[in-house]
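> Below is the file work.cif, which contains mmCIF, C-alpha atoms.
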```cif
data_structure
loop_
_atom_site.group_PDB
_atom_site.id
_atom_site.type_symbol
_atom_site.label_atom_id
_atom_site.label_comp_id
_atom_site.auth_asym_id
_atom_site.auth_seq_id
_atom_site.Cartn_x
_atom_site.Cartn_y
_atom_site.Cartn_z
ATOM 1 C CA MET Z 232 17.714 -10.095 25.973
ATOM 2 C CA THR Z 233 16.291 -10.856 29.440
ATOM 3 C CA GLN Z 234 16.128 -9.156 32.820
ATOM 4 C CA GLN Z 235 14.572 -9.822 36.217
ATOM 5 C CA HIS Z 236 11.338 -7.957 36.899
ATOM 6 C CA ILE Z 237 7.934 -8.188 38.510
ATOM 7 C CA ASP Z 238 4.934 -9.547 36.606
ATOM 8 C CA ILE Z 239 4.386 -6.926 33.879
ATOM 9 C CA MET Z 240 0.701 -7.736 33.534
ATOM 10 C CA ASN Z 241 0.103 -7.249 37.273
ATOM 11 C CA PRO Z 242 2.555 -4.558 38.410
ATOM 12 C CA THR Z 243 0.929 -4.028 41.822
ATOM 13 C CA ALA Z 244 1.555 -7.573 42.949
ATOM 14 C CA ALA Z 245 5.036 -7.280 44.472
ATOM 15 C CA ALA Z 246 6.701 -10.582 45.225
ATOM 16 C CA PRO Z 247 8.117 -11.154 48.734
ATOM 17 C CA ALA Z 248 11.893 -11.082 48.990
ATOM 18 C CA ALA Z 249 11.888 -14.759 49.919
ATOM 19 C CA GLN Z 250 10.293 -15.563 46.541
ATOM 20 C CA ALA Z 251 12.510 -13.267 44.455
ATOM 21 C CA GLN Z 252 14.176 -16.233 42.866
ATOM 22 C CA GLU Z 253 10.788 -17.226 41.378
ATOM 23 C CA THR Z 254 10.268 -13.906 39.581
ATOM 24 C CA PRO Z 255 9.698 -14.671 35.917
ATOM 25 C CA GLN Z 256 12.194 -13.515 33.347
ATOM 26 C CA VAL Z 257 11.120 -10.840 30.893
ATOM 27 C CA VAL Z 258 12.012 -11.776 27.312
ATOM 28 C CA TYR Z 259 11.947 -9.059 24.705
ATOM 29 C CA ALA Z 260 10.365 -9.983 21.381
ATOM 30 C CA SER Z 261 12.828 -10.684 18.604
ATOM 31 C CA ILE Z 262 12.887 -8.733 15.356
ATOM 32 C CA THR Z 263 11.574 -11.792 13.493
ATOM 33 C CA GLU Z 264 8.634 -12.196 15.869
ATOM 34 C CA ARG Z 265 7.727 -8.549 15.589
ATOM 35 C CA PHE Z 266 7.977 -8.602 11.806
ATOM 36 C CA VAL Z 267 5.710 -11.650 11.509
ATOM 37 C CA ALA Z 268 3.135 -10.053 13.814
ATOM 38 C CA PHE Z 269 3.289 -6.763 11.905
ATOM 39 C CA LEU Z 270 2.725 -8.396 8.521
ATOM 40 C CA ILE Z 271 -0.231 -10.382 9.853
ATOM 41 C CA ASP Z 272 -1.791 -7.154 11.122
ATOM 42 C CA TYR Z 273 -0.841 -5.344 7.928
ATOM 43 C CA GLY Z 274 -2.450 -8.054 5.843
ATOM 44 C CA ILE Z 275 -5.694 -7.994 7.851
ATOM 45 C CA ILE Z 276 -6.268 -4.381 6.824
ATOM 46 C CA PHE Z 277 -4.502 -3.934 3.510
ATOM 47 C CA ILE Z 278 -5.121 -7.175 1.621
ATOM 48 C CA PRO Z 279 -8.955 -6.904 1.721
ATOM 49 C CA CYS Z 280 -8.671 -3.183 0.957
ATOM 50 C CA GLN Z 281 -6.349 -3.904 -1.984
ATOM 51 C CA VAL Z 282 -8.910 -6.322 -3.418
ATOM 52 C CA LEU Z 283 -11.698 -3.815 -2.802
ATOM 53 C CA THR Z 284 -9.614 -1.084 -4.460
ATOM 54 C CA TRP Z 285 -9.220 -3.240 -7.573
ATOM 55 C CA LEU Z 286 -12.981 -3.850 -7.689
ATOM 56 C CA VAL Z 287 -13.789 -0.169 -7.208
ATOM 57 C CA ILE Z 288 -11.391 0.854 -9.979
ATOM 58 C CA LYS Z 289 -12.866 -1.760 -12.299
ATOM 59 C CA LEU Z 290 -16.456 -0.731 -11.575
ATOM 60 C CA MET Z 291 -15.847 3.030 -11.666
ATOM 61 C CA HIS Z 292 -13.765 2.931 -14.845
ATOM 62 C CA PRO Z 293 -13.286 5.501 -16.306
ATOM 63 C CA GLU Z 294 -14.945 7.924 -13.853
ATOM 64 C CA ILE Z 295 -12.406 7.523 -11.030
ATOM 65 C CA GLU Z 296 -10.191 10.553 -10.427
ATOM 66 C CA MET Z 297 -6.890 10.890 -8.584
ATOM 67 C CA TRP Z 298 -8.507 12.546 -5.573
ATOM 68 C CA HIS Z 299 -10.851 9.566 -5.217
ATOM 69 C CA TYR Z 300 -7.849 7.263 -4.965
ATOM 70 C CA LEU Z 301 -5.960 9.529 -2.545
ATOM 71 C CA LEU Z 302 -9.017 9.796 -0.309
ATOM 72 C CA TRP Z 303 -9.360 6.014 -0.332
ATOM 73 C CA VAL Z 304 -5.676 5.513 0.553
ATOM 74 C CA ALA Z 305 -5.972 8.003 3.424
ATOM 75 C CA GLY Z 306 -9.027 6.151 4.744
ATOM 76 C CA VAL Z 307 -7.305 2.747 4.608
ATOM 77 C CA ASN Z 308 -4.225 4.025 6.403
ATOM 78 C CA GLY Z 309 -6.402 5.784 8.961
ATOM 79 C CA LEU Z 310 -8.144 2.464 9.621
ATOM 80 C CA PHE Z 311 -4.772 0.770 10.155
ATOM 81 C CA VAL Z 312 -3.674 3.471 12.615
ATOM 82 C CA LEU Z 313 -6.947 3.112 14.546
ATOM 83 C CA TYR Z 314 -6.629 -0.686 14.619
ATOM 84 C CA GLU Z 315 -3.056 -0.542 15.898
ATOM 85 C CA SER Z 316 -3.937 2.128 18.479
ATOM 86 C CA VAL Z 317 -6.986 0.379 19.934
ATOM 87 C CA PHE Z 318 -5.424 -3.075 20.102
ATOM 88 C CA SER Z 319 -2.023 -2.005 21.418
ATOM 89 C CA CYS Z 320 -3.259 -0.263 24.573
ATOM 90 C CA GLY Z 321 -4.787 -1.562 27.788
ATOM 91 C CA ASP Z 322 -4.710 -5.339 28.036
ATOM 92 C CA ARG Z 323 -5.504 -5.815 24.330
ATOM 93 C CA MET Z 324 -3.318 -7.221 21.563
ATOM 94 C CA THR Z 325 -3.553 -7.107 17.794
ATOM 95 C CA LEU Z 326 -4.312 -10.408 16.096
ATOM 96 C CA GLY Z 327 -0.764 -10.710 14.791
ATOM 97 C CA LYS Z 328 0.819 -10.161 18.200
ATOM 98 C CA SER Z 329 -1.665 -12.529 19.830
ATOM 99 C CA LEU Z 330 -0.825 -15.317 17.368
ATOM 100 C CA VAL Z 331 2.907 -14.806 17.781
ATOM 101 C CA GLY Z 332 2.633 -14.449 21.560
ATOM 102 C CA ILE Z 333 3.972 -10.932 22.127
ATOM 103 C CA ALA Z 334 2.509 -7.734 23.578
ATOM 104 C CA VAL Z 335 3.226 -3.996 23.803
ATOM 105 C CA VAL Z 336 3.956 -2.639 27.301
ATOM 106 C CA GLN Z 337 5.458 0.478 28.823
ATOM 107 C CA GLN Z 338 9.218 0.775 28.463
ATOM 108 C CA ASP Z 339 9.715 0.463 32.234
ATOM 109 C CA LEU Z 340 7.629 -2.761 32.187
ATOM 110 C CA SER Z 341 5.153 -1.283 34.663
ATOM 111 C CA GLY Z 342 2.063 -2.175 32.626
ATOM 112 C CA PRO Z 343 0.208 -1.625 29.316
ATOM 113 C CA ILE Z 344 0.502 1.662 27.417
ATOM 114 C CA SER Z 345 -2.319 4.200 27.150
ATOM 115 C CA PHE Z 346 -4.353 4.886 24.014
ATOM 116 C CA GLY Z 347 -2.519 8.183 23.487
ATOM 117 C CA ARG Z 348 0.850 6.460 23.500
ATOM 118 C CA ALA Z 349 -0.508 3.688 21.286
ATOM 119 C CA LEU Z 350 -1.685 6.334 18.801
ATOM 120 C CA LEU Z 351 1.745 7.979 18.737
ATOM 121 C CA ARG Z 352 3.273 4.539 18.259
ATOM 122 C CA ALA Z 353 0.994 3.759 15.297
ATOM 123 C CA VAL Z 354 1.748 7.085 13.614
ATOM 124 C CA GLY Z 355 5.424 6.309 14.184
ATOM 125 C CA TYR Z 356 5.171 3.459 11.672
ATOM 126 C CA TYR Z 357 4.652 5.998 8.910
ATOM 127 C CA ILE Z 358 7.417 8.287 10.148
ATOM 128 C CA SER Z 359 9.789 5.306 10.140
ATOM 129 C CA GLY Z 360 8.696 4.453 6.615
ATOM 130 C CA ALA Z 361 9.105 8.054 5.451
ATOM 131 C CA LEU Z 362 12.712 7.935 6.667
ATOM 132 C CA LEU Z 363 13.442 5.230 4.051
ATOM 133 C CA MET Z 364 12.664 2.518 6.621
ATOM 134 C CA CYS Z 365 15.558 3.698 8.807
ATOM 135 C CA GLY Z 366 13.237 3.992 11.791
ATOM 136 C CA PHE Z 367 12.676 0.242 11.698
ATOM 137 C CA LEU Z 368 16.402 -0.474 11.367
ATOM 138 C CA LEU Z 369 16.972 0.929 14.856
ATOM 139 C CA ALA Z 370 15.650 -2.386 16.207
ATOM 140 C CA PHE Z 371 18.836 -4.100 15.013
ATOM 141 C CA PHE Z 372 20.972 -1.846 17.226
ATOM 142 C CA ASP Z 373 18.789 -1.410 20.318
ATOM 143 C CA ASP Z 374 19.336 -3.895 23.134
ATOM 144 C CA ARG Z 375 15.556 -4.267 23.564
ATOM 145 C CA HIS Z 376 14.830 -4.327 19.807
ATOM 146 C CA ARG Z 377 12.993 -1.008 19.885
ATOM 147 C CA SER Z 378 12.232 0.812 16.648
ATOM 148 C CA LEU Z 379 11.526 4.517 16.252
ATOM 149 C CA HIS Z 380 7.783 4.022 16.735
ATOM 150 C CA ASP Z 381 8.460 2.270 20.073
ATOM 151 C CA MET Z 382 10.354 5.324 21.238
ATOM 152 C CA PHE Z 383 7.453 7.568 20.222
ATOM 153 C CA GLY Z 384 5.101 5.392 22.250
ATOM 154 C CA GLY Z 385 7.442 4.910 25.201
ATOM 155 C CA SER Z 386 7.009 1.170 24.758
ATOM 156 C CA VAL Z 387 8.740 -2.158 24.342
ATOM 157 C CA VAL Z 388 7.436 -5.455 22.985
ATOM 158 C CA VAL Z 389 7.783 -8.564 25.154
ATOM 159 C CA GLN Z 390 6.973 -12.250 24.910
ATOM 160 C CA ILE Z 391 3.925 -13.283 26.927
ATOM 161 C CA ARG Z 392 4.187 -17.070 26.740
ATOM 162 C CA GLN Z 393 6.739 -19.834 26.557
ATOM 163 C CA ARG Z 394 7.473 -21.336 23.142
ATOM 164 C CA SER Z 395 8.632 -24.737 22.074
ATOM 165 C CA GLY Z 396 11.607 -25.109 19.766
ATOM 166 C CA LEU Z 397 9.256 -26.058 16.930
ATOM 167 C CA GLU Z 398 7.174 -22.905 17.367
ATOM 168 C CA ARG Z 399 10.285 -20.714 17.379
ATOM 169 C CA THR Z 400 11.481 -22.389 14.193
ATOM 170 C CA LEU Z 401 8.093 -21.934 12.503
ATOM 171 C CA VAL Z 402 8.060 -18.239 13.405
ATOM 172 C CA GLN Z 403 11.544 -17.791 11.960
ATOM 173 C CA VAL Z 404 10.676 -19.634 8.744
ATOM 174 C CA LEU Z 405 7.404 -17.731 8.360
ATOM 175 C CA GLY Z 406 9.244 -14.488 9.035
ATOM 176 C CA GLY Z 407 11.724 -15.249 6.251
ATOM 177 C CA ILE Z 408 8.969 -16.103 3.775
ATOM 178 C CA LEU Z 409 6.966 -12.994 4.639
ATOM 179 C CA LEU Z 410 10.068 -10.821 4.430
ATOM 180 C CA VAL Z 411 10.812 -12.024 0.892
ATOM 181 C CA ALA Z 412 7.148 -11.579 -0.110
ATOM 182 C CA PHE Z 413 7.035 -8.100 1.438
ATOM 183 C CA ALA Z 414 10.278 -7.035 -0.274
ATOM 184 C CA TRP Z 415 9.026 -8.335 -3.631
ATOM 185 C CA THR Z 416 5.697 -6.530 -3.228
ATOM 186 C CA VAL Z 417 7.418 -3.243 -2.387
ATOM 187 C CA TYR Z 418 9.766 -3.653 -5.350
ATOM 188 C CA SER Z 419 7.001 -4.482 -7.827
ATOM 189 C CA GLN Z 420 4.783 -1.667 -6.590
ATOM 190 C CA THR Z 421 7.617 0.879 -6.663
ATOM 191 C CA PHE Z 422 9.845 -0.162 -9.569
ATOM 192 C CA GLY Z 423 8.123 -2.983 -11.415
ATOM 193 C CA GLY Z 424 5.079 -1.189 -12.738
ATOM 194 C CA GLY Z 425 2.769 -3.233 -10.531
ATOM 195 C CA ALA Z 426 0.974 -0.424 -8.745
ATOM 196 C CA VAL Z 427 -2.777 -0.822 -9.067
ATOM 197 C CA LEU Z 428 -3.435 2.827 -9.897
ATOM 198 C CA ASP Z 429 -0.594 2.990 -12.444
ATOM 199 C CA GLN Z 430 -1.901 -0.095 -14.209
ATOM 200 C CA TYR Z 431 -5.347 1.461 -14.277
ATOM 201 C CA TYR Z 432 -4.094 4.662 -15.902
ATOM 202 C CA ILE Z 433 -2.114 2.759 -18.542
ATOM 203 C CA ARG Z 434 -5.111 0.540 -19.334
ATOM 204 C CA HIS Z 435 -7.365 3.594 -19.414
ATOM 205 C CA ALA Z 436 -5.064 5.362 -21.887
ATOM 206 C CA ARG Z 437 -4.915 2.349 -24.195
ATOM 207 C CA THR Z 438 -8.691 1.981 -24.110
ATOM 208 C CA HIS Z 439 -9.076 5.604 -25.145
ATOM 209 C CA LEU Z 440 -6.672 5.123 -28.042
ATOM 210 C CA TYR Z 441 -8.882 2.266 -29.247
ATOM 211 C CA LYS Z 442 -11.848 4.657 -29.195
ATOM 212 C CA ILE Z 443 -9.908 7.221 -31.219
ATOM 213 C CA SER Z 444 -8.931 4.520 -33.704
ATOM 214 C CA ALA Z 445 -12.597 3.599 -34.148
ATOM 215 C CA LEU Z 446 -13.361 7.236 -34.961
ATOM 216 C CA GLU Z 447 -10.497 7.219 -37.463
ATOM 217 C CA GLU Z 448 -12.164 4.331 -39.275
ATOM 218 C CA VAL Z 449 -15.490 6.171 -39.255
ATOM 219 C CA HIS Z 450 -13.762 9.252 -40.664
ATOM 220 C CA LYS Z 451 -12.128 7.160 -43.398
ATOM 221 C CA LEU Z 452 -15.465 5.666 -44.404
ATOM 222 C CA LYS Z 453 -17.198 9.052 -44.415
ATOM 223 C CA TYR Z 454 -14.554 11.256 -46.009
ATOM 224 C CA GLY Z 455 -12.221 8.807 -47.718
ATOM 225 C CA TYR Z 456 -9.075 9.613 -45.720
ATOM 226 C CA TYR Z 457 -7.580 9.461 -42.221
ATOM 227 C CA THR Z 458 -7.095 12.670 -40.232
ATOM 228 C CA ASN Z 459 -4.716 13.905 -37.554
ATOM 229 C CA ASP Z 460 -7.262 16.464 -36.356
ATOM 230 C CA LEU Z 461 -8.586 15.275 -32.993
ATOM 231 C CA LEU Z 462 -11.333 17.913 -33.062
ATOM 232 C CA ARG Z 463 -12.767 16.456 -36.280
ATOM 233 C CA LEU Z 464 -12.730 13.009 -34.677
ATOM 234 C CA SER Z 465 -14.478 14.317 -31.558
ATOM 235 C CA LEU Z 466 -17.320 15.656 -33.714
ATOM 236 C CA LEU Z 467 -17.875 12.129 -35.014
ATOM 237 C CA SER Z 468 -18.228 10.742 -31.496
ATOM 238 C CA GLY Z 469 -21.768 12.080 -31.072
ATOM 239 C CA ASP Z 470 -20.846 13.993 -27.915
ATOM 240 C CA PRO Z 471 -17.699 16.047 -28.593
ATOM 241 C CA VAL Z 472 -17.731 17.747 -25.190
ATOM 242 C CA GLN Z 473 -17.755 14.428 -23.333
ATOM 243 C CA PHE Z 474 -15.168 13.006 -25.729
ATOM 244 C CA GLN Z 475 -12.785 15.866 -24.945
ATOM 245 C CA ARG Z 476 -13.361 15.370 -21.221
ATOM 246 C CA ASP Z 477 -12.568 11.678 -21.565
ATOM 247 C CA THR Z 478 -9.415 12.537 -23.516
ATOM 248 C CA ARG Z 479 -8.187 14.906 -20.803
ATOM 249 C CA ARG Z 480 -9.014 12.295 -18.183
ATOM 250 C CA ALA Z 481 -7.160 9.492 -19.937
ATOM 251 C CA LEU Z 482 -4.147 11.183 -21.559
ATOM 252 C CA GLU Z 483 -1.499 13.746 -20.707
ATOM 253 C CA PRO Z 484 -2.006 16.999 -22.650
ATOM 254 C CA ARG Z 485 1.532 16.827 -23.986
ATOM 255 C CA GLY Z 486 2.818 13.993 -26.105
ATOM 256 C CA PHE Z 487 -0.350 13.240 -28.049
ATOM 257 C CA LYS Z 488 0.157 12.736 -31.757
ATOM 258 C CA ILE Z 489 -1.633 11.175 -34.716
ATOM 259 C CA GLY Z 490 0.467 10.333 -37.718
ATOM 260 C CA VAL Z 491 -1.481 9.548 -40.877
ATOM 261 C CA SER Z 492 -0.812 8.316 -44.390
ATOM 262 C CA LYS Z 493 -3.121 7.409 -47.245
ATOM 263 C CA THR Z 494 -3.514 3.855 -46.077
ATOM 264 C CA SER Z 495 -2.876 3.874 -42.334
ATOM 265 C CA TYR Z 496 -2.336 5.884 -39.155
ATOM 266 C CA LYS Z 497 -0.526 5.707 -35.832
ATOM 267 C CA ILE Z 498 -1.736 7.187 -32.537
ATOM 268 C CA SER Z 499 0.785 7.970 -29.798
ATOM 269 C CA ALA Z 500 0.064 9.396 -26.343
ATOM 270 C CA VAL Z 501 1.280 9.520 -22.737
ATOM 271 C CA ALA Z 502 -0.681 7.855 -19.928
ATOM 272 C CA LYS Z 503 -1.307 9.573 -16.598
ATOM 273 C CA ASP Z 504 0.579 7.029 -14.481
ATOM 274 C CA THR Z 505 3.488 8.085 -12.284
ATOM 275 C CA LYS Z 506 6.042 6.984 -14.892
ATOM 276 C CA HIS Z 507 4.237 8.755 -17.774
ATOM 277 C CA THR Z 508 4.190 5.608 -19.870
ATOM 278 C CA ARG Z 509 3.940 6.123 -23.613
ATOM 279 C CA VAL Z 510 1.132 4.154 -25.250
ATOM 280 C CA VAL Z 511 0.841 3.568 -28.976
ATOM 281 C CA TYR Z 512 -1.852 2.182 -31.260
ATOM 282 C CA ALA Z 513 -1.533 1.336 -34.935
ATOM 283 C CA PRO Z 514 -3.912 -0.874 -36.909
ATOM 284 C CA GLU Z 515 -2.544 -4.155 -38.169
ATOM 285 C CA PRO Z 516 -1.526 -3.972 -41.833
#
```
Go through the file and emit its structure as structure tokens.


Amino acid sequence: MTQQHIDIMNPTAAAPAAQAQETPQVVYASITERFVAFLIDYGIIFIPCQVLTWLVIKLMHPEIEMWHYLLWVAGVNGLFVLYESVFSCGDRMTLGKSLVGIAVVQQDLSGPISFGRALLRAVGYYISGALLMCGFLLAFFDDRHRSLHDMFGGSVVVQIRQRSGLERTLVQVLGGILLVAFAWTVYSQTFGGGAVLDQYYIRHARTHLYKISALEEVHKLKYGYYTNDLLRLSLLSGDPVQFQRDTRRALEPRGFKIGVSKTSYKISAVAKDTKHTRVVYAPEP
């Protein structure tokens, strides 16, 4: 959508009436352009942090606790809010918006938004997400493509440079690719068991079952039979107190079971991931 207006980046420079026909048109950023810019900015913060999260989990295994992870997530999201706030106010632009050629301005096109409004706008991303993404869907129905976070910030997003047909096509293609990748990532993290923390908890639980199985073999060698008594196994670990702490850290208190026979055993437990995945270990016959 377009409309006639004064130069939004220099609102005090009023054009003479005789030159009104030369007033540039204001073009509001399309949904595709905004989505591409958002994912670029999202990736700048979250992709390095995702890699760093994986490294931290790997290095801290098995000492990491849930509150460590929650604190880390809060810090990463706080960094994203600060980034969006600082680079959406004044005459600044985020990297994604700069590459796409769009900028955030006041809704009356009188100039850039303040830091306070930019902060409200950044927080609005999370409110839109908490509403099952419905806040973002408003852009499809608003004549200026405003989402809920734009309304919080009293802002609109406009194009700041002319584009060739090739550039518009590239933005649309990139937007489609990123949309598919984003949707797949959300699906895998939410429904596909791909969440980093969930995978850690499942791996942690399986590792602990391997440790219990090793103690079962020690018990068999020492006493001539397998046992379903976890306390007896903990005494063979050398540090029963630490062993019990590790067990509580790795496994849910309910659902743990050791089934034994004269010649074999089977250990079953529940991991501490969000889906409470059941993990099982049995030695090969």

> Using all atoms listed in the file for the distances, tell me which of Z:Lys493, Z:His376, Z:Leu466, Z:Ile333 is nearest to Gln393 of chain Z.

Z:Ile333

> Could you state which residues are captured by the PyMOL selection byres ((chain Z and resi 272-282) around 12) in this file, as number ranges by chain?

Z: 265-271, 283-289, 300, 303-315, 318-319, 324-331, 353, 356, 409, 412-413, 416, 426-428

> Quick one: pull the distance between atom CA of Asp429 of chain Z and atom CA of Ala361 of chain Z, Å, one decimal.

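Value for the atom CA of Asp429 of chain Z-atom CA of Ala361 of chain Z distance: 21.0 Å.
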
> Between atom CA of Asp504 of chain Z and atom CA of Glu447 of chain Z, what is the spacing in Å?

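Atom-to-atom, atom CA of Glu447 of chain Z and atom CA of Asp504 of chain Z are spaced 25.5 Å apart.
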
> Which distance in Å separates atom CA of Tyr431 of chain Z and atom CA of Ser359 of chain Z, to one decimal?

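Atom-to-atom, atom CA of Tyr431 of chain Z and atom CA of Ser359 of chain Z are spaced 29.0 Å apart.
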
> Counting only C-alpha atoms, which of Z:Ser395, Z:Gln430, Z:Ser261, Z:Gln390 gets nearest to Thr505 of chain Z?

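Closest candidate: Z:Gln430.
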
> Expanded to explicit residues, what is the PyMOL selection byres ((chain Z and resi 399) around 12) for this file, as a ChimeraX atom specification?

/Z:260-261,263-264,267,331-332,390,392-398,400-406

> Here's a test: counting only C-alpha atoms, identify every protein, DNA and RNA residue with an atom at most 12 Å from (-13.7, 13.8, -35.7) in the file's coordinate frame, and state them as a VMD selection string.

chain Z and resid 442 to 451 453 to 454 456 to 472 474 to 475

> Once the PyMOL selection byres ((chain Z and resi 389) around 8) has been applied to the shown file, what residues remain in the selection, as an mmCIF file with C-alpha atoms, keeping the file's coordinate frame?


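Done, and the output landed in result09.cif:
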```cif
data_model
loop_
_atom_site.group_PDB
_atom_site.id
_atom_site.type_symbol
_atom_site.label_atom_id
_atom_site.label_comp_id
_atom_site.auth_asym_id
_atom_site.auth_seq_id
_atom_site.Cartn_x
_atom_site.Cartn_y
_atom_site.Cartn_z
ATOM 1 C CA VAL Z 257 11.120 -10.840 30.893
ATOM 2 C CA VAL Z 258 12.012 -11.776 27.312
ATOM 3 C CA TYR Z 259 11.947 -9.059 24.705
ATOM 4 C CA ALA Z 260 10.365 -9.983 21.381
ATOM 5 C CA ILE Z 333 3.972 -10.932 22.127
ATOM 6 C CA ALA Z 334 2.509 -7.734 23.578
ATOM 7 C CA VAL Z 335 3.226 -3.996 23.803
ATOM 8 C CA VAL Z 336 3.956 -2.639 27.301
ATOM 9 C CA VAL Z 387 8.740 -2.158 24.342
ATOM 10 C CA VAL Z 388 7.436 -5.455 22.985
ATOM 11 C CA GLN Z 390 6.973 -12.250 24.910
ATOM 12 C CA ILE Z 391 3.925 -13.283 26.927
#
```

> Show which residues sit within 12 Å of Leu379 of chain Z, as a PyMOL selection string. Count all atoms listed in the file, and ignore same-chain residues fewer than 3 positions away.

chain Z and resi 351-362+364-373+376+382-387

> Which residue, Z:Ile344, Z:Leu452, Z:Ala500, Z:Leu440, has the smallest gap to Pro514 of chain Z when you use all atoms listed in the file?

Z:Leu440

> When you count all atoms listed in the file, which of these residues is closest to Ser495 of chain Z: Z:Gln338, Z:Ala481, Z:Tyr512, Z:Ile262?

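Checking each of Z:Gln338, Z:Ala481, Z:Tyr512, Z:Ile262 against Ser495 of chain Z, counting all atoms listed in the file, the winner is Z:Tyr512.
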
> Which residue is closest to Tyr432 of chain Z? Choose from Z:Pro484, Z:Asp477, Z:Thr508, Z:Ile489 and count all atoms listed in the file.

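Looking at the shortest contact to Tyr432 of chain Z, the residue is Z:Thr508.
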